[in-house]
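Taking it in order: structure first as structure tokens, then the write-up.
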Amino acid sequence: MDLVKRYVAAVQRELPDNKREEIGRELEANIMDQLDAQAEQNGPLTDSAIALVLKAMGHPSQVAQQFAPIAPLIASANIQIYRYTLYMVLGILLVLQVFDSTANWLQHDFGLLLFLKSILSGFINNACFAFTAITLSFIVISRAKPQYLQQAKEWQVEQLPSLQASKQHISLQDIVTDLITDTFLLAVISYLLLLSPDDLAGKTVWLTAHTQQVLLMGLPLLVVGILLSLWQLSARQWNKGMQLLNIVLNIGFVVIMLYLAFNGPLLQIDQQNWPNIYGWERLQHAAIWALLIGACWPAYEVIRDVIRLRRR
């Protein structure tokens, strides 16, 4: 039975110190029961037969994982929101880097390869910092005693939500997406509107005064959108007031985007310093189409919420 002792010892080496003796005894007893059952059927077992039984049980490290799973750095209850947060932040960083690199490209007119290199290197640098910061934050959060464990012990079948309530459930992905999007737009627009005249000097492309005024009027909508997302995060269920507020909010976004699209120009361009690689009229048209396409999403949410209200 030397093979059994060696196998149990190999498993114990993969276990925490405070669990080695107990799990070792349990594992050895389990193995001996299997060997005794086979010996009753086939007679005395050879070392080769014992080795086959032990191999069938799995590698010692795998067996150790079954008895004492290693706790993940990020709790499983937080994985979903961690993934959404990571994807959204990386997406925002990519958009910001493209915006920054494009502004530098238009002002200095360097080559296409340098433009792509600027986007890639800048994004990788920011993404590494964001990934580290977000991951460390969620590791710290996961070290706290998770509240969901207590809730799991106390839950009752009778407390499960009704079928109608389940239909009003708000997806965590939707909440996080709206929250990060509104926060990002609020930060970017505030930054653009607060630049000093010295900062604006020498810029080839910028927002017209009319566009800046309209965007300034839209900032309160973004603040309301952030507050609404926080309300949704705490409730996780649609109610009438929440849906009405969401409808009004999205109508406001649609009105602002359509007003900007049909009351241009959106951009003021220094045509003397504008590079010949791209016509400035086409840039204006591209900005208008971006607004029209962007207005489709809040318009869809208005229609969706109106239908939900009628079905209540």
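Going by the structure tokens order, chains are called A, B, ..., each with residues numbered from 1, while ligands are numbered from 1 in the order shown.
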Considering only C-alpha atoms, return as a PyMOL selection string whatever protein or nucleic-acid residues lie within 12 Å of Met57 (chain A), sequence-local ones (same chain, fewer than 4 positions apart) excluded. chain A and resi 4+7-8+11+27+30-31+34+50-53+61-64+66
Residues of the last selection are to be written out with N, CA and C atoms, as an mmCIF file, in the first residue's frame.
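Generated output (result.cif):
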data_model
loop_
_atom_site.group_PDB
_atom_site.id
_atom_site.type_symbol
_atom_site.label_atom_id
_atom_site.label_comp_id
_atom_site.auth_asym_id
_atom_site.auth_seq_id
_atom_site.Cartn_x
_atom_site.Cartn_y
_atom_site.Cartn_z
ATOM 1 N N VAL A 4 -0.582 4.052 -2.097
ATOM 2 C CA VAL A 4 -1.687 4.799 -1.488
ATOM 3 C C VAL A 4 -1.141 5.883 -0.569
ATOM 4 N N TYR A 7 0.298 8.634 -2.619
ATOM 5 C CA TYR A 7 -0.755 9.400 -3.294
ATOM 6 C C TYR A 7 -1.414 10.373 -2.306
ATOM 7 N N VAL A 8 -1.753 9.872 -1.114
ATOM 8 C CA VAL A 8 -2.386 10.722 -0.103
ATOM 9 C C VAL A 8 -1.446 11.855 0.303
ATOM 10 N N VAL A 11 -1.462 14.563 -2.299
ATOM 11 C CA VAL A 11 -2.668 15.391 -2.203
ATOM 12 C C VAL A 11 -2.544 16.362 -1.042
ATOM 13 N N LEU A 27 -9.505 10.826 2.701
ATOM 14 C CA LEU A 27 -9.136 10.353 1.371
ATOM 15 C C LEU A 27 -8.586 8.932 1.431
ATOM 16 N N ASN A 30 -11.348 6.478 1.877
ATOM 17 C CA ASN A 30 -12.109 6.325 0.633
ATOM 18 C C ASN A 30 -11.377 5.416 -0.352
ATOM 19 N N ILE A 31 -10.068 5.625 -0.469
ATOM 20 C CA ILE A 31 -9.274 4.788 -1.390
ATOM 21 C C ILE A 31 -9.281 3.332 -0.939
ATOM 22 N N GLN A 34 -12.425 1.529 -1.851
ATOM 23 C CA GLN A 34 -12.454 1.139 -3.261
ATOM 24 C C GLN A 34 -11.570 -0.074 -3.526
ATOM 25 N N ILE A 50 -3.571 -1.259 -8.267
ATOM 26 C CA ILE A 50 -3.736 -0.129 -7.350
ATOM 27 C C ILE A 50 -3.428 1.187 -8.069
ATOM 28 N N ALA A 51 -2.384 1.168 -8.908
ATOM 29 C CA ALA A 51 -2.019 2.372 -9.651
ATOM 30 C C ALA A 51 -3.141 2.803 -10.577
ATOM 31 N N LEU A 52 -3.842 1.844 -11.186
ATOM 32 C CA LEU A 52 -4.957 2.180 -12.071
ATOM 33 C C LEU A 52 -6.085 2.855 -11.302
ATOM 34 N N VAL A 53 -6.366 2.349 -10.094
ATOM 35 C CA VAL A 53 -7.420 2.950 -9.272
ATOM 36 C C VAL A 53 -7.052 4.391 -8.902
ATOM 37 N N SER A 61 -3.246 17.209 -7.449
ATOM 38 C CA SER A 61 -3.642 18.619 -7.363
ATOM 39 C C SER A 61 -5.124 18.797 -7.680
ATOM 40 N N GLN A 62 -5.653 17.983 -8.626
ATOM 41 C CA GLN A 62 -7.078 18.061 -8.945
ATOM 42 C C GLN A 62 -7.928 17.545 -7.788
ATOM 43 N N VAL A 63 -7.475 16.468 -7.162
ATOM 44 C CA VAL A 63 -8.211 15.924 -6.015
ATOM 45 C C VAL A 63 -8.202 16.926 -4.863
ATOM 46 N N ALA A 64 -7.073 17.566 -4.648
ATOM 47 C CA ALA A 64 -6.984 18.564 -3.586
ATOM 48 C C ALA A 64 -7.953 19.717 -3.836
ATOM 49 N N GLN A 66 -10.821 19.492 -5.235
ATOM 50 C CA GLN A 66 -12.176 19.035 -4.926
ATOM 51 C C GLN A 66 -12.455 19.142 -3.429
#
Spatial neighbours of Lys240 (chain A), max dist 12 Å, only C-alpha atoms, sep filter under 5 positions, as a compact mmCIF listing (two decimals) with N, CA and C atoms, in the first residue's frame:
# COMPACT_ATOMS: atom_id res chain seq x y z
N GLN A 168 -40.25 42.84 -14.98
CA GLN A 168 -39.84 44.21 -14.74
C GLN A 168 -38.41 44.29 -14.20
N LEU A 245 -39.74 58.66 -15.78
CA LEU A 245 -38.53 59.49 -15.78
C LEU A 245 -37.59 59.08 -16.91
N ASN A 246 -37.49 57.77 -17.16
CA ASN A 246 -36.63 57.30 -18.25
C ASN A 246 -37.15 57.75 -19.60
N ILE A 247 -38.46 57.77 -19.76
CA ILE A 247 -39.06 58.23 -21.02
C ILE A 247 -38.75 59.71 -21.24
N ASP A 305 -40.22 51.71 -23.27
CA ASP A 305 -40.81 52.03 -21.97
C ASP A 305 -42.28 52.39 -22.08
N VAL A 306 -42.68 53.02 -23.19
CA VAL A 306 -44.11 53.31 -23.40
C VAL A 306 -44.89 52.00 -23.49
N ILE A 307 -44.34 51.02 -24.20
CA ILE A 307 -45.01 49.71 -24.31
C ILE A 307 -45.10 49.04 -22.94
N ARG A 308 -44.02 49.13 -22.15
CA ARG A 308 -44.03 48.54 -20.81
C ARG A 308 -45.09 49.19 -19.92
N LEU A 309 -45.21 50.52 -20.02
CA LEU A 309 -46.20 51.22 -19.20
C LEU A 309 -47.61 50.79 -19.58
N ARG A 310 -47.87 50.60 -20.85
CA ARG A 310 -49.20 50.21 -21.30
C ARG A 310 -49.55 48.79 -20.86
N ARG A 311 -48.51 47.97 -20.62
CA ARG A 311 -48.76 46.59 -20.21
C ARG A 311 -48.85 46.41 -18.70
N ARG A 312 -48.60 47.46 -17.93
CA ARG A 312 -48.63 47.34 -16.47
C ARG A 312 -50.02 47.04 -15.97
Can you work out which one of A:Ala39, A:Ala68, A:Ile79, A:Leu120 has the shortest atom-to-atom distance to Ile23 (chain A), counting only C-alpha atoms? A:Ala68
Provide the CA of Cys296 (chain A) to CA of Gln213 (chain A) distance in Å, to one decimal place.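 For CA of Cys296 (chain A) relative to CA of Gln213 (chain A), the distance reads 22.6 Å.
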In Å, how far is it from CA of Gln243 (chain A) to CA of Trp289 (chain A)?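 Separation of CA of Gln243 (chain A) and CA of Trp289 (chain A): 28.4 Å.
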